[in-house]
Protein chains: 2
Amino acid sequence: MKYRISANVIKRLPRYIRQLDVLSAAGVEKISSSELGRQMGFTASQIRQDLNCFGGFGQQGYGYNVKQLREGIAGALGMEKNLNAIIIGAGNFGHALITNFKFEECGAHLLCAFDISPDKVGIKVAGTEVRHVDTLVSFLEENHVDVVVLTLPQSEADSTAELLVRCGVKGIWNFTGVDLDIADESVVVENVHLSDSLLTMGYYLRNGEGKD
Amino acid sequence: MKYRISANVIKRLPRYIRQLDVLSAAGVEKISSSELGRQMGFTASQIRQDLNCFGGFGQQGYGYNVKQLREGIAGALGMEKNLNAIIIGAGNFGHALITNFKFEECGAHLLCAFDISPDKVGIKVAGTEVRHVDTLVSFLEENHVDVVVLTLPQSEADSTAELLVRCGVKGIWNFTGVDLDIADESVVVENVHLSDSLLTMGYYLRNGEGKD
DNA sequence: TAGATTGTTAATCGATTAACAATC
DNA sequence: TAGATTGTTAATCGATTAACAATC
């Protein structure tokens, strides 16, 4: 890539995808930055700046073709290249992710799940096989895994993450609630803290007005 | 409040809480902004700026008392005042939240759940009663509900949100994946988009290096 | 061509970092 | 008192917004 694109821009890309999908579904073929901005609560300027980080998706005097722009952003996010994923921890939360989360729509493919509990190992959850964690390392050796979804108890979080990094895993989608700090700079960790989201809500509820 | 505190600061508060809890558990009694910064990946300056939005938690020449600071931030977030919550949609995801999510630790109290499916209505999930959605409006009339957790199918998201706002609900924690746009400025909506998180991970995995 | 709207540069605004006096 | 570290002001940096020439 040319020069580093700010994290703020990257975080907005999935929102663009969502809105463009809504527009597409409604049969809208083209849209201007100002109209898209109105719909998403952004300024037209910001939208043009954001999109221009990745090249000229638009056409002067016309606007943006919805489908083309959608593909362009999907390309920037690399959504077309499938990421292989596995999930460790098939408890309530892991189970819900396996069953409901649309990995394919995010350009990912869930290979299988791992758990330690005898009454889970061996079963299939929504078509996904649950293996024993004892087979994890050998699985990682034999398969290319891009992303590991961590949905196991907090007590296991750090040791498991360390093991994964030693096995060369480069992406950890961490739902454990523990802030993993991993020294290896090449590892991408996304910490999902649902409680953060509720706590900030609490702040705004009590201190009046929404965020923006 | 004095003057408006930026959303960036608010979003960092739960992270402070987490780190302080880790320190507390490890028996650490005091900490300086520079050491806390080292641990959390912030500058000491930023930490002092953040904390001073809420008043002098620290003591010159000494640092911050871990427990006191924790209480101070919890106070700023209003964590001690309980928020009443209900959850609508007891499917996989709702079920997982009811079972695993620590509402109490976030200063919230889950009153009950609602669903439409006959084989869910009437049962208890981890001690939480599941009621029929037909009883939702009367429940809202008879109980003060601060936060509604939305974990129902996308097709129901917009209509349900609209109903909730009409019933005077001021907080919606939205897991449906649909961007609710609610005109009423006094309603606080937290949209949780797990897919956003995975998509941005995908970007960094392919374009090298972690975020920071 | 005239109108519209982008791509892109310049101006503004806000957030982070640095510096340092206050003070424990 | 001397050392440490905050609270707070000033400087810097980056992100957002505004403006406008390019062009479809």
# chains A, B, ... in the order shown; residues from 1 in each chain; ligands from 1
>>> interface_residues(of="chain B", to="chain C", cutoff="10 Å", atoms="only C-alpha atoms (C1' of nucleotides)", output="mmCIF file with N, CA and C atoms, in the first residue's frame")
data_model
loop_
_atom_site.group_PDB
_atom_site.id
_atom_site.type_symbol
_atom_site.label_atom_id
_atom_site.label_comp_id
_atom_site.auth_asym_id
_atom_site.auth_seq_id
_atom_site.Cartn_x
_atom_site.Cartn_y
_atom_site.Cartn_z
ATOM 1 N N SER B 6 -15.245 14.101 25.539
ATOM 2 C CA SER B 6 -15.230 13.473 24.214
ATOM 3 C C SER B 6 -15.490 11.975 24.284
ATOM 4 N N ASN B 8 -14.087 9.669 22.782
ATOM 5 C CA ASN B 8 -12.845 8.898 22.893
ATOM 6 C C ASN B 8 -12.484 8.624 24.342
ATOM 7 N N VAL B 9 -12.638 9.646 25.154
ATOM 8 C CA VAL B 9 -12.338 9.482 26.575
ATOM 9 C C VAL B 9 -13.294 8.460 27.194
ATOM 10 N N THR B 43 0.148 7.056 26.544
ATOM 11 C CA THR B 43 1.151 7.938 27.130
ATOM 12 C C THR B 43 0.663 8.369 28.514
ATOM 13 N N ALA B 44 1.631 8.706 29.356
ATOM 14 C CA ALA B 44 1.286 9.174 30.694
ATOM 15 C C ALA B 44 0.437 10.446 30.597
ATOM 16 N N SER B 45 0.797 11.281 29.636
ATOM 17 C CA SER B 45 0.053 12.520 29.402
ATOM 18 C C SER B 45 -1.420 12.255 29.154
ATOM 19 N N GLN B 46 -1.656 11.311 28.271
ATOM 20 C CA GLN B 46 -3.043 11.020 27.920
ATOM 21 C C GLN B 46 -3.824 10.544 29.133
ATOM 22 N N GLN B 49 -4.621 13.459 31.300
ATOM 23 C CA GLN B 49 -5.689 14.249 30.671
ATOM 24 C C GLN B 49 -7.047 13.559 30.836
ATOM 25 N N GLN B 59 -2.597 12.051 43.358
ATOM 26 C CA GLN B 59 -1.946 12.828 44.402
ATOM 27 C C GLN B 59 -0.524 13.111 43.914
ATOM 28 N N GLN B 60 -0.188 14.400 43.891
ATOM 29 C CA GLN B 60 1.131 14.736 43.378
ATOM 30 C C GLN B 60 2.247 14.072 44.172
ATOM 31 N N GLY B 61 3.239 13.658 43.483
ATOM 32 C CA GLY B 61 4.380 13.024 44.134
ATOM 33 C C GLY B 61 4.153 11.572 44.502
ATOM 34 N N TYR B 62 2.906 11.108 44.391
ATOM 35 C CA TYR B 62 2.573 9.764 44.828
ATOM 36 C C TYR B 62 2.067 8.905 43.659
ATOM 37 N N GLY B 63 1.071 9.431 42.971
ATOM 38 C CA GLY B 63 0.456 8.676 41.893
ATOM 39 C C GLY B 63 -1.027 8.503 42.165
#
>>> closest_atom_pairs(of="chain B", to="chain A", cutoff="7 Å", atoms="only C-alpha atoms", output="CSV")
residue,atom,partner,partner_atom,distance
B:Ala7,CA,A:Lys211,CA,6.9
B:Ile10,CA,A:Thr200,CA,6.4
B:Lys11,CA,A:Thr200,CA,6.3
B:Pro14,CA,A:Asp196,CA,5.4
B:Leu77,CA,A:Tyr203,CA,4.8
B:Gly78,CA,A:Tyr203,CA,6.2
B:Asn92,CA,A:Ala96,CA,4.8
B:Phe93,CA,A:Ala96,CA,5.2
B:Ala96,CA,A:Asn92,CA,4.8
B:Cys106,CA,A:Leu199,CA,6.0
B:Gly171,CA,A:Leu205,CA,6.8
B:Glu185,CA,A:Gly210,CA,6.3
B:Ser186,CA,A:Glu209,CA,5.1
B:Val187,CA,A:Gly210,CA,6.3
B:Val188,CA,A:Gly210,CA,4.9
B:Glu190,CA,A:Met201,CA,6.6
B:Ser195,CA,A:Cys106,CA,6.6
B:Asp196,CA,A:Pro14,CA,5.4
B:Ser197,CA,A:Glu190,CA,6.9
B:Leu199,CA,A:Cys106,CA,6.1
B:Thr200,CA,A:Lys11,CA,6.3
B:Met201,CA,A:Glu190,CA,6.6
B:Gly202,CA,A:Leu77,CA,6.6
B:Tyr203,CA,A:Leu77,CA,4.9
B:Tyr204,CA,A:Val188,CA,6.8
B:Leu205,CA,A:Val188,CA,6.5
B:Glu209,CA,A:Ser186,CA,5.0
B:Gly210,CA,A:Val188,CA,4.9
B:Lys211,CA,A:Ala7,CA,6.9
>>> write_last_selection(atoms="N, CA and C atoms", output="PDB file, in the first residue's frame")
ATOM      1  N   ALA B   7     -16.096  11.473  23.232  1.00  0.00           N
ATOM      2  CA  ALA B   7     -16.447  10.057  23.152  1.00  0.00           C
ATOM      3  C   ALA B   7     -15.210   9.175  23.269  1.00  0.00           C
ATOM      4  N   ILE B  10     -14.565   8.622  26.938  1.00  0.00           N
ATOM      5  CA  ILE B  10     -15.568   7.718  27.516  1.00  0.00           C
ATOM      6  C   ILE B  10     -15.285   6.271  27.136  1.00  0.00           C
ATOM      7  N   LYS B  11     -14.922   6.060  25.890  1.00  0.00           N
ATOM      8  CA  LYS B  11     -14.658   4.693  25.447  1.00  0.00           C
ATOM      9  C   LYS B  11     -13.443   4.080  26.134  1.00  0.00           C
ATOM     10  N   PRO B  14     -13.858   2.152  30.338  1.00  0.00           N
ATOM     11  CA  PRO B  14     -13.953   0.731  30.704  1.00  0.00           C
ATOM     12  C   PRO B  14     -12.609   0.011  30.650  1.00  0.00           C
ATOM     13  N   LEU B  77     -18.707   6.585  35.260  1.00  0.00           N
ATOM     14  CA  LEU B  77     -19.535   5.765  34.368  1.00  0.00           C
ATOM     15  C   LEU B  77     -20.906   5.492  34.968  1.00  0.00           C
ATOM     16  N   GLY B  78     -21.058   5.828  36.219  1.00  0.00           N
ATOM     17  CA  GLY B  78     -22.343   5.579  36.873  1.00  0.00           C
ATOM     18  C   GLY B  78     -22.600   4.106  37.114  1.00  0.00           C
ATOM     19  N   ASN B  92     -30.033 -18.229  20.069  1.00  0.00           N
ATOM     20  CA  ASN B  92     -28.668 -18.610  20.431  1.00  0.00           C
ATOM     21  C   ASN B  92     -27.907 -17.502  21.130  1.00  0.00           C
ATOM     22  N   PHE B  93     -27.943 -16.344  20.492  1.00  0.00           N
ATOM     23  CA  PHE B  93     -27.132 -15.254  20.993  1.00  0.00           C
ATOM     24  C   PHE B  93     -27.695 -14.686  22.286  1.00  0.00           C
ATOM     25  N   ALA B  96     -26.964 -16.994  25.068  1.00  0.00           N
ATOM     26  CA  ALA B  96     -25.573 -16.897  25.518  1.00  0.00           C
ATOM     27  C   ALA B  96     -25.374 -15.667  26.395  1.00  0.00           C
ATOM     28  N   CYS B 106     -21.631  -4.718  35.285  1.00  0.00           N
ATOM     29  CA  CYS B 106     -21.704  -3.481  34.494  1.00  0.00           C
ATOM     30  C   CYS B 106     -22.692  -2.507  35.115  1.00  0.00           C
ATOM     31  N   GLY B 171     -32.601   3.384  26.164  1.00  0.00           N
ATOM     32  CA  GLY B 171     -31.345   2.725  25.820  1.00  0.00           C
ATOM     33  C   GLY B 171     -31.571   1.440  25.055  1.00  0.00           C
ATOM     34  N   GLU B 185     -33.445  12.057  19.719  1.00  0.00           N
ATOM     35  CA  GLU B 185     -32.076  12.331  20.165  1.00  0.00           C
ATOM     36  C   GLU B 185     -31.800  11.845  21.583  1.00  0.00           C
ATOM     37  N   SER B 186     -32.851  11.663  22.338  1.00  0.00           N
ATOM     38  CA  SER B 186     -32.650  11.299  23.736  1.00  0.00           C
ATOM     39  C   SER B 186     -32.448   9.792  23.910  1.00  0.00           C
ATOM     40  N   VAL B 187     -32.591   9.047  22.826  1.00  0.00           N
ATOM     41  CA  VAL B 187     -32.405   7.597  22.912  1.00  0.00           C
ATOM     42  C   VAL B 187     -30.955   7.254  22.610  1.00  0.00           C
ATOM     43  N   VAL B 188     -30.361   6.461  23.474  1.00  0.00           N
ATOM     44  CA  VAL B 188     -28.978   6.037  23.290  1.00  0.00           C
ATOM     45  C   VAL B 188     -28.972   4.644  22.662  1.00  0.00           C
ATOM     46  N   GLU B 190     -26.549   1.625  21.179  1.00  0.00           N
ATOM     47  CA  GLU B 190     -25.234   1.038  20.950  1.00  0.00           C
ATOM     48  C   GLU B 190     -25.398  -0.111  19.977  1.00  0.00           C
ATOM     49  N   SER B 195     -19.423  -8.353  12.963  1.00  0.00           N
ATOM     50  CA  SER B 195     -18.788  -8.534  11.662  1.00  0.00           C
ATOM     51  C   SER B 195     -17.800  -7.405  11.365  1.00  0.00           C
ATOM     52  N   ASP B 196     -18.091  -6.199  11.836  1.00  0.00           N
ATOM     53  CA  ASP B 196     -17.153  -5.089  11.638  1.00  0.00           C
ATOM     54  C   ASP B 196     -15.793  -5.424  12.191  1.00  0.00           C
ATOM     55  N   SER B 197     -15.840  -6.010  13.360  1.00  0.00           N
ATOM     56  CA  SER B 197     -14.622  -6.356  14.056  1.00  0.00           C
ATOM     57  C   SER B 197     -13.802  -7.386  13.262  1.00  0.00           C
ATOM     58  N   LEU B 199     -14.062  -7.960  10.029  1.00  0.00           N
ATOM     59  CA  LEU B 199     -13.649  -7.378   8.740  1.00  0.00           C
ATOM     60  C   LEU B 199     -12.414  -6.498   8.888  1.00  0.00           C
ATOM     61  N   THR B 200     -12.368  -5.691   9.944  1.00  0.00           N
ATOM     62  CA  THR B 200     -11.183  -4.851  10.116  1.00  0.00           C
ATOM     63  C   THR B 200      -9.965  -5.726  10.404  1.00  0.00           C
ATOM     64  N   MET B 201     -10.177  -6.806  11.165  1.00  0.00           N
ATOM     65  CA  MET B 201      -9.086  -7.765  11.369  1.00  0.00           C
ATOM     66  C   MET B 201      -8.552  -8.256  10.042  1.00  0.00           C
ATOM     67  N   GLY B 202      -9.481  -8.591   9.183  1.00  0.00           N
ATOM     68  CA  GLY B 202      -9.092  -9.082   7.865  1.00  0.00           C
ATOM     69  C   GLY B 202      -8.208  -8.075   7.148  1.00  0.00           C
ATOM     70  N   TYR B 203      -8.568  -6.828   7.233  1.00  0.00           N
ATOM     71  CA  TYR B 203      -7.756  -5.787   6.583  1.00  0.00           C
ATOM     72  C   TYR B 203      -6.330  -5.802   7.117  1.00  0.00           C
ATOM     73  N   TYR B 204      -6.194  -5.806   8.436  1.00  0.00           N
ATOM     74  CA  TYR B 204      -4.856  -5.732   9.013  1.00  0.00           C
ATOM     75  C   TYR B 204      -4.062  -7.014   8.769  1.00  0.00           C
ATOM     76  N   LEU B 205      -4.758  -8.138   8.735  1.00  0.00           N
ATOM     77  CA  LEU B 205      -4.068  -9.391   8.451  1.00  0.00           C
ATOM     78  C   LEU B 205      -3.438  -9.366   7.067  1.00  0.00           C
ATOM     79  N   GLU B 209       0.934  -5.903   9.734  1.00  0.00           N
ATOM     80  CA  GLU B 209       1.076  -5.208  11.018  1.00  0.00           C
ATOM     81  C   GLU B 209      -0.255  -5.040  11.722  1.00  0.00           C
ATOM     82  N   GLY B 210      -0.132  -4.974  13.045  1.00  0.00           N
ATOM     83  CA  GLY B 210      -1.299  -4.701  13.873  1.00  0.00           C
ATOM     84  C   GLY B 210      -1.675  -3.237  13.753  1.00  0.00           C
ATOM     85  N   LYS B 211      -2.675  -2.870  14.474  1.00  0.00           N
ATOM     86  CA  LYS B 211      -3.212  -1.510  14.395  1.00  0.00           C
ATOM     87  C   LYS B 211      -2.245  -0.473  14.927  1.00  0.00           C
TER      88      LYS B 211
END
>>> select_by_dssp(residues="segment 22-142 of chain B", states="helix (DSSP H, G or I)", output="ChimeraX atom specification")
/B:22-25,33-40,44-52,66-77,92-100,104-106,133-142
>>> write_last_selection(atoms="C-alpha atoms", output="short mmCIF file (atom, residue, chain, number, x, y, z; two decimals), in the first residue's frame")
data_model
loop_
_atom_site.label_atom_id
_atom_site.label_comp_id
_atom_site.auth_asym_id
_atom_site.auth_seq_id
_atom_site.Cartn_x
_atom_site.Cartn_y
_atom_site.Cartn_z
CA VAL B 22 -6.21 -6.62 37.20
CA LEU B 23 -3.88 -4.51 39.35
CA SER B 24 -6.17 -4.77 42.35
CA ALA B 25 -6.32 -8.53 42.02
CA SER B 33 0.38 7.53 35.16
CA SER B 34 3.61 6.51 33.46
CA GLU B 35 3.50 2.94 34.69
CA LEU B 36 -0.19 2.58 33.90
CA GLY B 37 0.53 4.01 30.48
CA ARG B 38 3.28 1.50 29.88
CA GLN B 39 0.91 -1.32 30.78
CA MET B 40 -1.95 -0.09 28.65
CA ALA B 44 1.29 9.17 30.69
CA SER B 45 0.05 12.52 29.40
CA GLN B 46 -3.04 11.02 27.92
CA ILE B 47 -3.88 9.18 31.10
CA ARG B 48 -3.57 12.32 33.18
CA GLN B 49 -5.69 14.25 30.67
CA ASP B 50 -8.33 11.53 30.63
CA LEU B 51 -8.58 11.25 34.38
CA ASN B 52 -8.68 14.98 34.87
CA VAL B 66 -5.69 1.87 42.53
CA LYS B 67 -8.88 1.22 44.48
CA GLN B 68 -9.79 4.89 44.74
CA LEU B 69 -9.20 5.49 41.07
CA ARG B 70 -11.27 2.45 40.21
CA GLU B 71 -14.14 3.79 42.27
CA GLY B 72 -13.73 7.21 40.75
CA ILE B 73 -14.00 5.94 37.21
CA ALA B 74 -16.84 3.61 38.14
CA GLY B 75 -18.58 6.68 39.52
CA ALA B 76 -18.00 8.63 36.32
CA LEU B 77 -19.53 5.77 34.37
CA ASN B 92 -28.67 -18.61 20.43
CA PHE B 93 -27.13 -15.25 20.99
CA GLY B 94 -29.65 -13.98 23.51
CA HIS B 95 -29.35 -17.24 25.36
CA ALA B 96 -25.57 -16.90 25.52
CA LEU B 97 -25.85 -13.35 26.83
CA ILE B 98 -28.37 -14.33 29.49
CA THR B 99 -26.16 -17.18 30.59
CA ASN B 100 -22.73 -15.63 30.41
CA GLU B 104 -24.38 -6.93 37.45
CA GLU B 105 -20.69 -6.17 36.96
CA CYS B 106 -21.70 -3.48 34.49
CA VAL B 133 -43.42 -10.68 23.52
CA ASP B 134 -47.15 -10.00 23.60
CA THR B 135 -46.65 -9.00 27.22
CA LEU B 136 -43.80 -6.63 26.40
CA VAL B 137 -45.74 -3.38 26.25
CA SER B 138 -47.59 -3.98 29.49
CA PHE B 139 -44.31 -4.98 31.10
CA LEU B 140 -42.74 -1.71 30.00
CA GLU B 141 -45.70 0.19 31.41
CA GLU B 142 -45.41 -1.48 34.78
#
>>> atom_distance(atom1="atom CA of Leu163 of chain B", atom2="atom CA of Ser117 of chain B")
19.3 Å
>>> residues_around(residues="Arg131 of chain B", least_positions_apart="5", cutoff="10 Å", atoms="only C-alpha atoms (C1' of nucleotides)", output="list in words")
Ile88, Ala90, Cys112, Ala113, Phe114, Asp115, Ile116, Ser117, Pro118, Lys120, Val121, Gly122, Ile123, Lys124, Leu136 and Phe139 of chain B
>>> atom_distance(atom1="atom CA of Gly127 of chain A", atom2="atom CA of Pro153 of chain B")
20.7 Å
>>> select_by_dssp(residues="segment 15-118 of chain B", states="strand (DSSP E or B)", output="list of chain:residue names")
B:Lys30, B:Ile31, B:Gly58, B:Gln59, B:Gly63, B:Tyr64, B:Asn65, B:Leu83, B:Asn84, B:Ala85, B:Ile86, B:Ile87, B:Ile88, B:Ala108, B:His109, B:Leu110, B:Leu111, B:Cys112, B:Ala113, B:Phe114, B:Asp115
>>> decode(residues="segment 94-166 of chain A", atoms="C-alpha atoms", output="short mmCIF file (atom, residue, chain, number, x, y, z; two decimals), in the first residue's frame")
data_model
loop_
_atom_site.label_atom_id
_atom_site.label_comp_id
_atom_site.auth_asym_id
_atom_site.auth_seq_id
_atom_site.Cartn_x
_atom_site.Cartn_y
_atom_site.Cartn_z
CA GLY A 94 -18.96 -20.07 20.89
CA HIS A 95 -22.03 -22.11 20.10
CA ALA A 96 -23.98 -18.97 19.27
CA LEU A 97 -21.22 -17.73 16.97
CA ILE A 98 -20.95 -21.06 15.18
CA THR A 99 -24.69 -21.16 14.68
CA ASN A 100 -25.43 -17.56 13.83
CA PHE A 101 -22.38 -15.69 12.73
CA LYS A 102 -22.06 -15.31 8.97
CA PHE A 103 -18.38 -16.09 8.56
CA GLU A 104 -18.69 -16.46 4.81
CA GLU A 105 -20.17 -12.99 4.44
CA CYS A 106 -17.05 -11.62 6.08
CA GLY A 107 -14.78 -13.47 3.71
CA ALA A 108 -13.98 -16.13 6.26
CA HIS A 109 -14.48 -19.86 6.41
CA LEU A 110 -14.97 -21.72 9.68
CA LEU A 111 -13.03 -24.97 9.50
CA CYS A 112 -13.96 -26.50 12.83
CA ALA A 113 -14.33 -25.90 16.54
CA PHE A 114 -12.36 -27.09 19.54
CA ASP A 115 -13.45 -27.80 23.07
CA ILE A 116 -12.28 -29.78 26.04
CA SER A 117 -15.59 -31.04 27.39
CA PRO A 118 -16.28 -34.73 26.60
CA ASP A 119 -19.94 -34.05 25.92
CA LYS A 120 -19.07 -31.54 23.23
CA VAL A 121 -16.11 -33.19 21.52
CA GLY A 122 -17.26 -35.24 18.59
CA ILE A 123 -20.62 -33.57 18.04
CA LYS A 124 -21.44 -31.25 15.19
CA VAL A 125 -22.83 -27.79 15.81
CA ALA A 126 -24.72 -26.44 12.82
CA GLY A 127 -22.54 -28.59 10.60
CA THR A 128 -19.29 -27.65 12.29
CA GLU A 129 -17.28 -30.43 13.86
CA VAL A 130 -16.11 -30.04 17.46
CA ARG A 131 -12.67 -31.55 18.10
CA HIS A 132 -10.74 -32.04 21.27
CA VAL A 133 -8.28 -29.26 22.07
CA ASP A 134 -5.57 -31.89 22.39
CA THR A 135 -5.65 -32.08 18.61
CA LEU A 136 -5.30 -28.32 18.19
CA VAL A 137 -1.56 -28.13 17.65
CA SER A 138 -1.48 -30.88 15.10
CA PHE A 139 -4.44 -29.30 13.35
CA LEU A 140 -2.60 -26.01 13.14
CA GLU A 141 0.43 -27.79 11.71
CA GLU A 142 -1.60 -29.47 9.02
CA ASN A 143 -3.93 -26.63 8.12
CA HIS A 144 -3.43 -22.99 7.33
CA VAL A 145 -5.46 -21.08 9.90
CA ASP A 146 -5.66 -17.29 9.57
CA VAL A 147 -7.99 -16.44 12.41
CA VAL A 148 -8.67 -18.11 15.73
CA VAL A 149 -11.86 -17.16 17.50
CA LEU A 150 -11.32 -17.36 21.25
CA THR A 151 -14.50 -18.05 23.19
CA LEU A 152 -13.11 -19.94 26.13
CA PRO A 153 -13.01 -19.14 29.86
CA GLN A 154 -10.87 -16.23 31.01
CA SER A 155 -8.60 -18.55 32.94
CA GLU A 156 -7.49 -20.19 29.68
CA ALA A 157 -7.16 -17.02 27.64
CA ASP A 158 -3.54 -16.06 28.16
CA SER A 159 -2.02 -19.52 27.93
CA THR A 160 -4.02 -20.39 24.84
CA ALA A 161 -3.14 -17.14 23.11
CA GLU A 162 0.51 -17.74 23.82
CA LEU A 163 0.28 -21.23 22.38
CA LEU A 164 -1.43 -19.92 19.26
CA VAL A 165 1.23 -17.31 18.66
CA ARG A 166 3.93 -19.95 19.05
#
